[in-house]
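Asks: Contents of start-v6.txt (compact mmCIF, C-alpha atoms) are below:
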```txt
# COMPACT_ATOMS: atom_id res chain seq x y z
CA MET A 1 9.87 -6.68 -19.06
CA VAL A 2 9.44 -9.81 -16.94
CA ALA A 3 12.90 -11.04 -17.94
CA GLU A 4 14.43 -7.84 -16.61
CA LEU A 5 13.00 -8.60 -13.22
CA THR A 6 14.14 -12.20 -12.84
CA GLY A 7 17.57 -11.36 -11.45
CA PRO A 8 17.65 -11.96 -7.70
CA ASP A 9 19.89 -8.95 -7.09
CA LEU A 10 17.55 -6.55 -8.86
CA ASP A 11 14.53 -8.14 -7.21
CA ALA A 12 16.12 -7.71 -3.79
CA SER A 13 17.13 -4.09 -4.45
CA LEU A 14 13.64 -3.15 -5.63
CA GLY A 15 12.20 -4.85 -2.56
CA ALA A 16 14.52 -2.77 -0.34
CA LEU A 17 13.06 0.57 -1.47
CA SER A 18 11.36 2.62 1.23
CA ASP A 19 7.61 3.34 1.22
CA ARG A 20 8.26 6.99 0.32
CA GLU A 21 10.54 5.99 -2.58
CA ARG A 22 7.86 3.59 -3.84
CA GLU A 23 5.23 6.32 -3.58
CA ILE A 24 7.32 8.75 -5.63
CA LEU A 25 8.14 6.11 -8.27
CA GLY A 26 4.44 5.26 -8.51
CA LEU A 27 3.60 8.91 -9.16
CA LEU A 28 6.31 9.06 -11.82
CA THR A 29 4.79 6.02 -13.52
CA ALA A 30 1.38 7.75 -13.40
CA GLY A 31 2.84 10.63 -15.44
CA HIS A 32 3.66 13.16 -12.73
CA THR A 33 6.75 15.36 -12.86
CA VAL A 34 9.10 16.10 -9.98
CA LYS A 35 7.42 19.49 -9.64
CA SER A 36 3.89 18.09 -9.48
CA ILE A 37 4.98 15.35 -7.06
CA ALA A 38 6.50 17.99 -4.79
CA GLY A 39 3.23 19.92 -4.86
CA LEU A 40 1.16 16.80 -4.24
CA LEU A 41 3.23 15.68 -1.26
CA GLY A 42 3.91 19.15 0.14
CA ARG A 43 7.68 18.70 -0.25
CA SER A 44 10.41 20.61 -2.06
CA GLU A 45 11.62 19.52 -5.48
CA ALA A 46 15.09 19.07 -3.96
CA SER A 47 13.65 16.60 -1.43
CA ILE A 48 11.92 14.60 -4.17
CA ASN A 49 15.08 14.51 -6.27
CA GLU A 50 17.10 13.33 -3.26
CA ARG A 51 14.67 10.45 -2.69
CA LEU A 52 14.99 9.49 -6.37
CA ARG A 53 18.79 9.58 -6.10
CA ASP A 54 18.62 7.29 -3.07
CA ALA A 55 16.41 4.87 -5.00
CA ARG A 56 18.81 4.87 -7.97
CA ARG A 57 21.77 4.20 -5.68
CA LYS A 58 19.99 1.25 -4.06
CA THR A 59 19.10 -0.34 -7.40
CA GLY A 60 22.03 0.73 -9.60
CA ILE A 61 19.62 2.06 -12.24
CA GLY A 62 20.73 5.39 -13.65
CA SER A 63 17.39 6.73 -14.93
CA SER A 64 14.52 7.62 -12.59
CA ARG A 65 11.95 6.99 -15.34
CA GLU A 66 13.46 3.58 -16.12
CA LEU A 67 13.54 2.74 -12.42
CA ALA A 68 9.88 3.76 -12.12
CA ARG A 69 8.99 1.51 -15.06
CA LEU A 70 10.87 -1.47 -13.62
CA HIS A 71 9.41 -0.90 -10.16
CA ASP A 72 5.88 -0.80 -11.59
CA ALA A 73 6.45 -4.13 -13.35
CA TRP A 74 8.02 -5.61 -10.22
CA ALA A 75 5.11 -4.43 -8.05
CA ALA A 76 2.64 -5.94 -10.54
CA GLY A 77 4.55 -9.22 -10.31
CA GLN A 78 4.35 -9.13 -6.52
CA LYS A 79 0.60 -8.51 -6.75
CA ASN A 80 0.14 -11.41 -9.17
CA ARG A 81 2.03 -13.73 -6.85
CA ASP A 82 -0.14 -12.62 -3.92
CA GLU A 83 -3.29 -13.24 -5.96
CA LYS A 84 -2.10 -16.73 -6.91
CA ILE A 85 -1.51 -17.48 -3.24
CA ASP A 86 -5.01 -16.21 -2.45
CA LEU A 87 -6.50 -18.40 -5.17
CA HIS A 88 -4.61 -21.45 -3.95
CA THR A 89 -5.84 -20.85 -0.41
CA ALA A 90 -9.41 -20.37 -1.62
CA ASP A 91 -9.30 -23.63 -3.63
CA GLY A 92 -8.03 -25.48 -0.59
CA GLY A 93 -6.53 -28.97 -0.43
CA ALA A 94 -7.93 -32.46 -0.24
CA ASP A 95 -8.22 -32.22 3.53
CA GLN A 96 -10.69 -29.36 3.22
CA GLY A 97 -13.40 -31.41 1.55
CA SER A 98 -15.41 -31.64 4.75
CA MET A 99 -15.15 -27.92 5.52
CA PRO A 100 -18.17 -25.69 4.81
CA PRO A 101 -17.83 -23.27 1.89
CA ARG A 102 -16.52 -19.79 2.71
CA SER A 103 -18.08 -17.97 -0.22
CA GLY A 104 -18.54 -14.28 0.59
CA TRP A 105 -16.15 -14.36 3.57
CA ARG A 106 -12.94 -13.30 1.83
CA LEU A 107 -12.30 -9.56 2.01
CA SER A 108 -11.05 -7.48 -0.91
CA ARG A 109 -7.94 -5.32 -0.56
CA GLY A 110 -10.17 -2.25 -0.48
CA ALA A 111 -12.19 -3.72 2.39
CA ILE A 112 -9.02 -4.55 4.32
CA ALA A 113 -7.79 -0.98 3.84
CA MET A 114 -11.10 0.29 5.14
CA LEU A 115 -10.84 -1.88 8.26
CA ILE A 116 -7.43 -0.34 8.91
CA LEU A 117 -8.79 3.16 8.36
CA LEU A 118 -11.80 2.91 10.66
CA PRO A 119 -9.91 2.89 14.01
CA ALA A 120 -7.89 5.91 12.91
CA ILE A 121 -10.98 8.07 12.48
CA ALA A 122 -13.25 6.66 15.17
CA LEU A 123 -13.70 9.16 17.97
CA GLY A 124 -16.33 8.33 20.57
CA GLY A 125 -17.55 5.34 18.52
CA LEU A 126 -17.12 3.35 15.34
CA LEU A 127 -17.98 5.20 12.12
CA SER A 128 -19.76 3.25 9.44
CA MET A 129 -17.75 3.68 6.21
CA THR A 130 -18.39 1.06 3.57
CA ASP A 131 -16.88 2.70 0.48
CA SER A 132 -13.30 2.20 -0.59
CA PRO A 133 -11.04 5.00 0.73
CA TRP A 134 -9.86 6.08 -2.71
CA ARG A 135 -13.32 6.29 -4.26
CA ALA A 136 -15.33 9.49 -4.26
CA ALA A 137 -16.98 9.92 -0.86
CA ALA A 138 -20.52 8.60 -0.54
CA PRO A 139 -23.49 10.93 0.04
CA ASP A 140 -23.74 12.33 3.56
CA ARG A 141 -26.49 10.68 5.61
CA THR A 142 -25.61 12.36 8.90
CA THR A 143 -28.63 13.96 10.56
CA THR A 144 -26.87 15.35 13.63
CA ALA A 145 -24.13 17.37 11.90
CA ALA A 146 -26.34 20.47 11.65
CA ALA A 147 -27.43 20.37 15.28
CA ALA A 148 -24.39 22.37 16.42
CA PRO A 149 -21.40 24.08 14.78
CA SER A 150 -18.83 21.49 13.82
CA PRO A 151 -15.58 21.55 15.83
CA LEU A 152 -13.79 21.35 12.48
CA VAL A 153 -14.67 24.96 11.69
CA GLY A 154 -11.68 27.25 12.16
CA ARG A 155 -8.08 27.65 11.08
CA TRP A 156 -5.49 24.95 11.72
CA ALA A 157 -1.68 24.82 11.44
CA LEU A 158 0.31 21.67 10.75
CA ASP A 159 2.72 20.54 13.48
CA VAL A 160 5.73 20.54 11.13
CA ALA A 161 8.12 19.46 13.90
CA ARG A 162 6.83 15.90 13.39
CA ILE A 163 7.95 15.85 9.75
CA PRO A 164 11.54 14.78 8.85
CA ALA A 165 13.79 17.84 8.49
CA GLU A 166 14.69 17.12 4.87
CA GLU A 167 11.00 17.07 3.89
CA ARG A 168 9.68 19.70 6.29
CA PRO A 169 7.67 22.58 4.79
CA ARG A 170 7.94 26.01 6.37
CA GLY A 171 4.26 25.90 7.18
CA VAL A 172 0.89 24.42 6.26
CA THR A 173 -2.49 25.88 7.22
CA ILE A 174 -5.99 24.68 6.48
CA ALA A 175 -9.20 26.60 7.19
CA PHE A 176 -12.72 25.17 7.27
CA ALA A 177 -15.85 27.32 7.20
CA THR A 178 -19.56 26.62 6.67
CA GLY A 179 -22.27 28.83 5.22
CA GLY A 180 -26.03 29.09 5.44
CA ASP A 181 -26.31 26.73 2.48
CA ARG A 182 -24.54 24.05 4.58
CA LYS A 183 -21.65 23.98 2.14
CA TRP A 184 -18.06 23.79 3.36
CA THR A 185 -15.34 26.18 2.22
CA THR A 186 -11.80 24.83 2.46
CA ASP A 187 -8.66 26.95 2.08
CA VAL A 188 -5.22 25.35 2.16
CA GLU A 189 -1.87 27.16 2.07
CA ILE A 190 1.53 25.44 1.95
CA THR A 191 4.83 27.28 2.24
CA ALA A 192 7.51 24.98 0.83
CA PRO A 193 11.09 24.83 2.17
CA ASP A 194 12.23 27.13 -0.66
CA GLY A 195 9.66 29.78 0.34
CA SER A 196 7.27 29.20 -2.55
CA VAL A 197 3.57 29.27 -1.63
CA MET A 198 0.82 26.99 -2.94
CA LYS A 199 -2.86 27.67 -2.32
CA ALA A 200 -6.08 25.75 -2.92
CA HIS A 201 -9.71 26.80 -2.46
CA SER A 202 -12.95 24.84 -2.81
CA THR A 203 -16.60 25.05 -1.74
CA ALA A 204 -18.56 21.81 -1.58
CA ALA A 205 -21.57 20.18 0.02
CA THR A 206 -21.02 17.01 2.05
CA ASP A 207 -22.74 14.89 -0.60
CA GLY A 208 -19.69 13.28 -2.21
CA VAL A 209 -20.04 15.29 -5.43
CA ALA A 210 -16.70 16.50 -6.81
CA VAL A 211 -16.28 20.26 -7.20
CA PRO A 212 -13.48 22.31 -8.82
CA VAL A 213 -10.45 23.35 -6.79
CA SER A 214 -8.98 26.77 -7.59
CA GLY A 215 -5.47 27.95 -6.83
CA ASN A 216 -2.00 26.86 -7.92
CA PHE A 217 -1.97 23.20 -6.79
CA ALA A 218 -0.98 21.52 -10.05
CA ALA A 219 -1.49 18.02 -8.64
CA ILE A 220 -5.25 18.30 -7.93
CA ASP A 221 -8.26 19.88 -9.61
CA THR A 222 -11.29 18.48 -7.75
CA ALA A 223 -12.43 17.77 -4.19
CA SER A 224 -15.44 15.97 -2.74
CA LEU A 225 -16.62 15.85 0.88
CA ARG A 226 -18.54 13.62 3.24
CA GLN A 227 -19.19 14.24 6.95
CA PRO A 228 -19.89 10.97 8.77
CA ALA A 229 -19.81 12.70 12.20
CA PRO A 230 -19.78 16.32 13.46
CA ASN A 231 -16.07 16.12 14.31
CA THR A 232 -14.99 14.22 11.17
CA LEU A 233 -14.67 15.27 7.54
CA VAL A 234 -13.68 12.96 4.67
CA MET A 235 -12.13 14.71 1.66
CA THR A 236 -11.32 12.96 -1.64
CA LEU A 237 -8.94 14.82 -3.97
CA GLY A 238 -8.71 14.11 -7.69
CA LYS A 239 -6.94 15.08 -10.88
CA GLY A 240 -8.29 14.66 -14.40
CA GLY A 241 -11.19 12.55 -13.18
CA GLN A 242 -8.95 10.14 -11.24
CA PRO A 243 -8.70 9.93 -7.42
CA ILE A 244 -5.37 11.02 -5.92
CA SER A 245 -5.92 10.62 -2.19
CA THR A 246 -8.55 10.53 0.55
CA ARG A 247 -7.93 12.59 3.70
CA VAL A 248 -9.84 12.09 6.93
CA TYR A 249 -9.84 15.05 9.36
CA ALA A 250 -10.88 14.23 12.93
CA VAL A 251 -10.94 16.70 15.82
CA ALA A 252 -9.94 15.59 19.32
CA LYS A 253 -12.31 15.95 22.28
CA ASP A 254 -10.48 19.07 23.50
CA ARG A 255 -11.11 20.68 20.07
CA ARG A 256 -7.52 21.95 20.03
CA THR A 257 -5.93 19.32 17.81
CA MET A 258 -6.99 17.73 14.53
CA THR A 259 -5.59 14.51 13.04
CA GLU A 260 -5.27 14.10 9.28
CA THR A 261 -5.15 10.50 8.04
CA ILE A 262 -4.09 10.16 4.38
CA VAL A 263 -4.77 7.20 2.10
CA TRP A 264 -3.08 7.39 -1.32
CA ALA A 265 -4.90 5.95 -4.31
CA GLY A 266 -3.16 3.02 -5.99
CA LYS A 267 -3.28 -0.62 -6.95
CA ASP A 268 -1.72 -1.94 -3.77
CA LEU A 269 -2.93 -1.88 -0.17
CA PRO A 270 -1.99 1.64 0.93
CA LYS A 271 0.07 2.64 3.91
CA LEU A 272 -1.72 5.23 6.03
CA GLU A 273 0.03 8.52 6.79
CA THR A 274 -0.96 10.63 9.78
CA THR A 275 -0.26 14.29 10.52
CA VAL A 276 -1.39 16.55 13.35
CA PHE A 277 -2.81 20.08 13.12
CA ARG A 278 -3.27 22.55 15.98
CA ARG A 279 -6.03 25.16 16.15
CA ILE A 280 -4.86 28.73 15.63
CA GLU A 281 -8.25 30.44 15.27
```
For this file, produce the structure as structure tokens.
Replies:
Amino acid sequence: MVAELTGPDLDASLGALSDREREILGLLTAGHTVKSIAGLLGRSEASINERLRDARRKTGIGSSRELARLHDAWAAGQKNRDEKIDLHTADGGADQGSMPPRSGWRLSRGAIAMLILLPAIALGGLLSMTDSPWRAAAPDRTTTAAAAPSPLVGRWALDVARIPAEERPRGVTIAFATGGDRKWTTDVEITAPDGSVMKAHSTAATDGVAVPVSGNFAAIDTASLRQPAPNTLVMTLGKGGQPISTRVYAVAKDRRTMTETIVWAGKDLPKLETTVFRRIE
């Protein structure tokens, strides 16, 4: 496999793939189908297939599965090279003999991702989030969340105009509700470009414990919640016991808009995706 990746032309073409193409190839490697990827990303199957065709044209590889396999090996090689660079830097050179040790200072990739995520979900102050974004959410220790109804409660519609036309769903709504038992009910409905409708329903406490998700979302089967602040909800979605993504919902001060920040699970430092919802109820 390594020999296949030594050619500079192939290495350059794999490096030229877009973030979305890499994401789709990674899901293929993980065993997903085009249909399940479309459901996971809220896109049409035609849109996913078009991205795969673009990736094949860039690399000259005729099979999407083969391209996914080669890309996975290439990405692993990139990671290994990065780790070797990190190790070399940590060992230091002869001129570092007089420098004090830096044990415990170096951050992991998960910690770096968390530092990137914090500003995106901090509203009115910095939220303390120490767990990795693709792990199940930690137990809720918020004592003020029950003092007043959360501004998250209500029904929200995705601002689809911000999504590229070729990937744009007809509509996405998400509804949050809370009961007397302090559990959250979440209902999501996605209308794909072809008119098909996908729904998901879950009821969970904000204790980080995964609960079943019902509906026809083939890409997920569990959800767990944590509420670090009254206007912020952290949702981790999983499939078959493995994390798929973590989504942070944060309501603006005017309570009319809600930002969704998405971190996809994976081996590499993730790129954050952000969408905007508007209150409809």
Asks: Smallest atom-to-atom distance to Val34 of chain A: which of A:Lys199, A:Arg22, A:Lys183, A:Arg65, using only C-alpha atoms?
Replies: A:Arg65
Asks: Please provide the set of residues having any atom within 10 Å of Thr29 of chain A, restricted to all atoms listed in the file, with same-chain residues fewer than 6 positions apart removed, written as a PyMOL selection string.
Replies: chain A and resi 23+64-72
Asks: For Leu41 of chain A, which residue out of A:Met198, A:Ala12, A:Val213, A:Val234 is the nearest one, using all atoms listed in the file?
Replies: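 Result for the nearest residue to Leu41 of chain A: A:Met198.
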Asks: Pick from A:Gly15, A:Gly241, A:Gly26, A:Gly39: nearest to Thr59 of chain A, with all atoms listed in the file counted?
Replies: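 Result for the nearest residue to Thr59 of chain A: A:Gly15.
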Asks: Which residue is closest to Tyr249 of chain A? Choose from A:Gly180, A:Pro193, A:Gly60, A:Pro151 and count all atoms listed in the file.
Replies: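 Residue with the minimum atom-to-atom distance to Tyr249 of chain A: A:Pro151.
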Asks: Could you check the closest approach to Ala265 of chain A for each of A:Arg170, A:Arg56, A:His32, A:Arg247 and tell me which residue wins, using all atoms listed in the file?
Replies: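 With all atoms listed in the file as the atom set, the closest residue is A:Arg247.
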Asks: At what distance in Å, to one decimal, does atom CA of Pro243 of chain A lie from atom CA of Trp184 of chain A?
Replies: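 So the answer is 19.9 Å.
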Asks: Measuring between only C-alpha atoms, which one of A:Glu166, A:Arg226, A:Asn49, A:Val172 shows the shortest distance to Thr191 of chain A?
Replies: A:Val172
Asks: Any idea what the distance is between atom CA of Glu273 of chain A and atom CA of Thr261 of chain A?
Replies: 5.7 Å
Asks: Please return, as an mmCIF file with C-alpha atoms, keeping the file's coordinate frame, all polymer residues that have at least one atom within 10 Å of the point (6.7, 21.3, -0.3); use all atoms listed in the file and the file's own coordinate frame.
Replies:
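Contents of part_30.cif, freshly written:
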```
data_model
loop_
_atom_site.group_PDB
_atom_site.id
_atom_site.type_symbol
_atom_site.label_atom_id
_atom_site.label_comp_id
_atom_site.auth_asym_id
_atom_site.auth_seq_id
_atom_site.Cartn_x
_atom_site.Cartn_y
_atom_site.Cartn_z
ATOM 1 C CA LYS A 35 7.420 19.490 -9.640
ATOM 2 C CA ILE A 37 4.980 15.350 -7.060
ATOM 3 C CA ALA A 38 6.500 17.990 -4.790
ATOM 4 C CA GLY A 39 3.230 19.920 -4.860
ATOM 5 C CA LEU A 40 1.160 16.800 -4.240
ATOM 6 C CA LEU A 41 3.230 15.680 -1.260
ATOM 7 C CA GLY A 42 3.910 19.150 0.140
ATOM 8 C CA ARG A 43 7.680 18.700 -0.250
ATOM 9 C CA SER A 44 10.410 20.610 -2.060
ATOM 10 C CA GLU A 45 11.620 19.520 -5.480
ATOM 11 C CA ALA A 46 15.090 19.070 -3.960
ATOM 12 C CA SER A 47 13.650 16.600 -1.430
ATOM 13 C CA ILE A 48 11.920 14.600 -4.170
ATOM 14 C CA GLU A 167 11.000 17.070 3.890
ATOM 15 C CA ARG A 168 9.680 19.700 6.290
ATOM 16 C CA PRO A 169 7.670 22.580 4.790
ATOM 17 C CA ARG A 170 7.940 26.010 6.370
ATOM 18 C CA GLY A 171 4.260 25.900 7.180
ATOM 19 C CA VAL A 172 0.890 24.420 6.260
ATOM 20 C CA ILE A 190 1.530 25.440 1.950
ATOM 21 C CA THR A 191 4.830 27.280 2.240
ATOM 22 C CA ALA A 192 7.510 24.980 0.830
ATOM 23 C CA PRO A 193 11.090 24.830 2.170
ATOM 24 C CA ASP A 194 12.230 27.130 -0.660
ATOM 25 C CA GLY A 195 9.660 29.780 0.340
ATOM 26 C CA SER A 196 7.270 29.200 -2.550
ATOM 27 C CA VAL A 197 3.570 29.270 -1.630
ATOM 28 C CA MET A 198 0.820 26.990 -2.940
#
```
Asks: Could you tell me how far atom CA of Val263 of chain A lies from atom CA of Thr178 of chain A, in Å and to one decimal?
Replies: 24.8 Å
Asks: Can you rebuild segment 227-259 of chain A with N, CA and C atoms and give it as a CSV table (one decimal), in the frame of the given file?
Replies:
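Written out: out-v5.csv:
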```
chain,number,residue,atom,x,y,z
A,227,GLN,N,-19.3,14.0,5.5
A,227,GLN,CA,-19.2,14.2,7.0
A,227,GLN,C,-19.9,13.2,7.7
A,228,PRO,N,-19.2,12.1,8.1
A,228,PRO,CA,-19.9,11.0,8.8
A,228,PRO,C,-20.2,11.3,10.2
A,229,ALA,N,-19.6,12.3,10.8
A,229,ALA,CA,-19.8,12.7,12.2
A,229,ALA,C,-19.5,14.2,12.3
A,230,PRO,N,-20.0,14.9,13.3
A,230,PRO,CA,-19.8,16.3,13.5
A,230,PRO,C,-18.3,16.7,13.6
A,231,ASN,N,-17.5,15.8,14.1
A,231,ASN,CA,-16.1,16.1,14.3
A,231,ASN,C,-15.2,15.4,13.3
A,232,THR,N,-15.8,14.9,12.2
A,232,THR,CA,-15.0,14.2,11.2
A,232,THR,C,-15.4,14.6,9.8
A,233,LEU,N,-14.4,14.9,8.9
A,233,LEU,CA,-14.7,15.3,7.5
A,233,LEU,C,-13.8,14.4,6.6
A,234,VAL,N,-14.4,13.8,5.6
A,234,VAL,CA,-13.7,13.0,4.7
A,234,VAL,C,-13.6,13.7,3.4
A,235,MET,N,-12.4,13.9,2.9
A,235,MET,CA,-12.1,14.7,1.7
A,235,MET,C,-11.4,13.8,0.6
A,236,THR,N,-12.0,13.7,-0.6
A,236,THR,CA,-11.3,13.0,-1.6
A,236,THR,C,-10.8,14.0,-2.7
A,237,LEU,N,-9.5,13.9,-3.0
A,237,LEU,CA,-8.9,14.8,-4.0
A,237,LEU,C,-8.7,14.1,-5.3
A,238,GLY,N,-8.9,14.8,-6.4
A,238,GLY,CA,-8.7,14.1,-7.7
A,238,GLY,C,-8.0,15.0,-8.7
A,239,LYS,N,-7.6,14.4,-9.8
A,239,LYS,CA,-6.9,15.1,-10.9
A,239,LYS,C,-7.3,14.4,-12.2
A,240,GLY,N,-7.9,15.2,-13.1
A,240,GLY,CA,-8.3,14.7,-14.4
A,240,GLY,C,-9.3,13.5,-14.3
A,241,GLY,N,-10.2,13.6,-13.3
A,241,GLY,CA,-11.2,12.6,-13.2
A,241,GLY,C,-10.7,11.3,-12.4
A,242,GLN,N,-9.5,11.3,-12.0
A,242,GLN,CA,-9.0,10.1,-11.2
A,242,GLN,C,-8.7,10.5,-9.8
A,243,PRO,N,-9.0,9.6,-8.8
A,243,PRO,CA,-8.7,9.9,-7.4
A,243,PRO,C,-7.2,10.0,-7.2
A,244,ILE,N,-6.8,10.9,-6.3
A,244,ILE,CA,-5.4,11.0,-5.9
A,244,ILE,C,-5.2,10.5,-4.5
A,245,SER,N,-6.0,11.0,-3.6
A,245,SER,CA,-5.9,10.6,-2.2
A,245,SER,C,-7.2,10.9,-1.5
A,246,THR,N,-7.4,10.2,-0.3
A,246,THR,CA,-8.6,10.5,0.6
A,246,THR,C,-8.0,10.9,1.9
A,247,ARG,N,-8.4,12.0,2.4
A,247,ARG,CA,-7.9,12.6,3.7
A,247,ARG,C,-9.1,12.7,4.7
A,248,VAL,N,-8.8,12.1,5.9
A,248,VAL,CA,-9.8,12.1,6.9
A,248,VAL,C,-9.4,13.0,8.0
A,249,TYR,N,-10.2,14.1,8.3
A,249,TYR,CA,-9.8,15.0,9.4
A,249,TYR,C,-10.7,14.8,10.6
A,250,ALA,N,-10.1,14.5,11.7
A,250,ALA,CA,-10.9,14.2,12.9
A,250,ALA,C,-10.4,15.1,14.1
A,251,VAL,N,-11.3,15.8,14.7
A,251,VAL,CA,-10.9,16.7,15.8
A,251,VAL,C,-11.0,16.0,17.2
A,252,ALA,N,-10.0,16.2,18.0
A,252,ALA,CA,-9.9,15.6,19.3
A,252,ALA,C,-11.0,16.2,20.2
A,253,LYS,N,-11.3,15.5,21.4
A,253,LYS,CA,-12.3,16.0,22.3
A,253,LYS,C,-12.1,17.3,22.8
A,254,ASP,N,-10.8,17.7,23.0
A,254,ASP,CA,-10.5,19.1,23.5
A,254,ASP,C,-10.6,20.2,22.4
A,255,ARG,N,-10.9,19.8,21.2
A,255,ARG,CA,-11.1,20.7,20.1
A,255,ARG,C,-9.9,21.5,19.8
A,256,ARG,N,-8.7,21.2,20.3
A,256,ARG,CA,-7.5,22.0,20.0
A,256,ARG,C,-6.6,21.3,19.0
A,257,THR,N,-6.8,20.0,18.8
A,257,THR,CA,-5.9,19.3,17.8
A,257,THR,C,-6.8,18.6,16.8
A,258,MET,N,-6.3,18.4,15.6
A,258,MET,CA,-7.0,17.7,14.5
A,258,MET,C,-6.0,16.8,13.8
A,259,THR,N,-6.4,15.5,13.7
A,259,THR,CA,-5.6,14.5,13.0
A,259,THR,C,-6.0,14.4,11.6
```
